[in-house]
Amino acid sequence: LQLFVGSGWYDLVTTVGDAEYMVAHAGLPPKRVTLRRYESGHMPYLGPDSRRQLAADLREFITQASRP
């Protein structure tokens, strides 16, 4: 299992650091977790710059996760 977590710096629902804290305490192997932050709020896909970066990060994540 590989996990991708994308967070927005200005997210008022899931504040900065919450996702990292949860992942750190979930007992997941760090090598299987990808954490990314975006210049956005709760929905990074709404801003054009963060949407492009999120799309690029997801493409890279999926490409790497599908390799043996």
# chains A, B, ... in the order shown; residues from 1 in each chain; ligands from 1
>>> select_by_dssp(residues="chain A", states="strand (DSSP E)", output="PyMOL selection string")
chain A and resi 3-8+33-38
>>> write_last_selection(atoms="N, CA and C atoms", output="PDB file, in the first residue's frame")
ATOM      1  N   LEU A   3       0.567   5.570   0.144  1.00  0.00           N
ATOM      2  CA  LEU A   3      -0.367   6.613   0.575  1.00  0.00           C
ATOM      3  C   LEU A   3       0.130   7.975   0.119  1.00  0.00           C
ATOM      4  N   PHE A   4      -0.754   8.746  -0.515  1.00  0.00           N
ATOM      5  CA  PHE A   4      -0.462  10.117  -0.914  1.00  0.00           C
ATOM      6  C   PHE A   4      -1.352  11.043  -0.098  1.00  0.00           C
ATOM      7  N   VAL A   5      -0.745  12.033   0.546  1.00  0.00           N
ATOM      8  CA  VAL A   5      -1.496  13.016   1.336  1.00  0.00           C
ATOM      9  C   VAL A   5      -1.117  14.401   0.844  1.00  0.00           C
ATOM     10  N   GLY A   6      -2.108  15.144   0.353  1.00  0.00           N
ATOM     11  CA  GLY A   6      -1.894  16.517  -0.089  1.00  0.00           C
ATOM     12  C   GLY A   6      -2.613  17.469   0.844  1.00  0.00           C
ATOM     13  N   SER A   7      -1.898  18.493   1.334  1.00  0.00           N
ATOM     14  CA  SER A   7      -2.477  19.450   2.280  1.00  0.00           C
ATOM     15  C   SER A   7      -2.303  20.867   1.761  1.00  0.00           C
ATOM     16  N   GLY A   8      -3.253  21.737   2.113  1.00  0.00           N
ATOM     17  CA  GLY A   8      -3.148  23.148   1.764  1.00  0.00           C
ATOM     18  C   GLY A   8      -2.622  23.948   2.954  1.00  0.00           C
ATOM     19  N   VAL A  33       4.770   6.484   2.363  1.00  0.00           N
ATOM     20  CA  VAL A  33       3.911   7.670   2.492  1.00  0.00           C
ATOM     21  C   VAL A  33       4.539   8.850   1.749  1.00  0.00           C
ATOM     22  N   THR A  34       3.723   9.520   0.952  1.00  0.00           N
ATOM     23  CA  THR A  34       4.135  10.739   0.259  1.00  0.00           C
ATOM     24  C   THR A  34       3.289  11.883   0.787  1.00  0.00           C
ATOM     25  N   LEU A  35       3.941  12.911   1.348  1.00  0.00           N
ATOM     26  CA  LEU A  35       3.255  14.087   1.881  1.00  0.00           C
ATOM     27  C   LEU A  35       3.621  15.292   1.028  1.00  0.00           C
ATOM     28  N   ARG A  36       2.626  16.048   0.599  1.00  0.00           N
ATOM     29  CA  ARG A  36       2.853  17.263  -0.179  1.00  0.00           C
ATOM     30  C   ARG A  36       1.984  18.386   0.369  1.00  0.00           C
ATOM     31  N   ARG A  37       2.503  19.608   0.307  1.00  0.00           N
ATOM     32  CA  ARG A  37       1.752  20.796   0.725  1.00  0.00           C
ATOM     33  C   ARG A  37       1.619  21.748  -0.452  1.00  0.00           C
ATOM     34  N   TYR A  38       0.495  22.459  -0.483  1.00  0.00           N
ATOM     35  CA  TYR A  38       0.196  23.349  -1.598  1.00  0.00           C
ATOM     36  C   TYR A  38      -0.206  24.735  -1.101  1.00  0.00           C
TER      37      TYR A  38
END
>>> select_by_dssp(residues="chain A", states="alpha helix (DSSP H)", output="list in words")
Asp18, Ala19, Glu20, Tyr21, Met22, Val23, Ala24, Pro48, Asp49, Ser50, Arg51, Arg52, Gln53, Leu54, Ala55, Ala56, Asp57, Leu58, Arg59, Glu60, Phe61, Ile62, Thr63, Gln64 and Ala65 of chain A
>>> residues_around(residues="Ile62 of chain A", least_positions_apart="2", cutoff="12 Å", atoms="only C-alpha atoms", output="PyMOL selection string")
chain A and resi 1-4+34+55-60+64-67
>>> atom_distance(atom1="atom CA of Arg52 of chain A", atom2="atom CA of Leu28 of chain A")
27.9 Å
>>> residues_around(residues="Thr15 of chain A", least_positions_apart="4", cutoff="12 Å", atoms="only C-alpha atoms", output="PyMOL selection string")
chain A and resi 6-11+19-22+37+40-42
>>> atom_distance(atom1="atom CA of Leu54 of chain A", atom2="atom CA of Pro29 of chain A")
22.8 Å
>>> atom_distance(atom1="atom CA of Val23 of chain A", atom2="atom CA of Pro48 of chain A")
27.5 Å
>>> decode(residues="segment 35-47 of chain A", atoms="N, CA and C atoms", output="mmCIF file, in the first residue's frame")
data_model
loop_
_atom_site.group_PDB
_atom_site.id
_atom_site.type_symbol
_atom_site.label_atom_id
_atom_site.label_comp_id
_atom_site.auth_asym_id
_atom_site.auth_seq_id
_atom_site.Cartn_x
_atom_site.Cartn_y
_atom_site.Cartn_z
ATOM 1 N N LEU A 35 3.941 12.911 1.348
ATOM 2 C CA LEU A 35 3.255 14.087 1.881
ATOM 3 C C LEU A 35 3.621 15.292 1.028
ATOM 4 N N ARG A 36 2.626 16.048 0.599
ATOM 5 C CA ARG A 36 2.853 17.263 -0.179
ATOM 6 C C ARG A 36 1.984 18.386 0.369
ATOM 7 N N ARG A 37 2.503 19.608 0.307
ATOM 8 C CA ARG A 37 1.752 20.796 0.725
ATOM 9 C C ARG A 37 1.619 21.748 -0.452
ATOM 10 N N TYR A 38 0.495 22.459 -0.483
ATOM 11 C CA TYR A 38 0.196 23.349 -1.598
ATOM 12 C C TYR A 38 -0.206 24.735 -1.101
ATOM 13 N N GLU A 39 0.076 25.744 -1.914
ATOM 14 C CA GLU A 39 -0.306 27.125 -1.627
ATOM 15 C C GLU A 39 -1.802 27.264 -1.890
ATOM 16 N N SER A 40 -2.597 26.710 -0.995
ATOM 17 C CA SER A 40 -4.046 26.719 -1.187
ATOM 18 C C SER A 40 -4.723 26.479 0.149
ATOM 19 N N GLY A 41 -6.017 26.360 0.085
ATOM 20 C CA GLY A 41 -6.802 26.033 1.265
ATOM 21 C C GLY A 41 -7.162 24.561 1.264
ATOM 22 N N HIS A 42 -8.402 24.266 1.633
ATOM 23 C CA HIS A 42 -8.858 22.886 1.790
ATOM 24 C C HIS A 42 -8.949 22.136 0.455
ATOM 25 N N MET A 43 -9.120 22.862 -0.652
ATOM 26 C CA MET A 43 -9.277 22.226 -1.959
ATOM 27 C C MET A 43 -8.194 22.734 -2.913
ATOM 28 N N PRO A 44 -7.022 22.123 -2.911
ATOM 29 C CA PRO A 44 -5.905 22.628 -3.720
ATOM 30 C C PRO A 44 -6.158 22.596 -5.216
ATOM 31 N N TYR A 45 -7.163 21.873 -5.654
ATOM 32 C CA TYR A 45 -7.457 21.781 -7.087
ATOM 33 C C TYR A 45 -8.207 22.996 -7.612
ATOM 34 N N LEU A 46 -8.584 23.952 -6.744
ATOM 35 C CA LEU A 46 -9.325 25.128 -7.204
ATOM 36 C C LEU A 46 -8.419 26.224 -7.760
ATOM 37 N N GLY A 47 -7.259 26.421 -7.219
ATOM 38 C CA GLY A 47 -6.340 27.446 -7.727
ATOM 39 C C GLY A 47 -5.525 26.904 -8.885
#
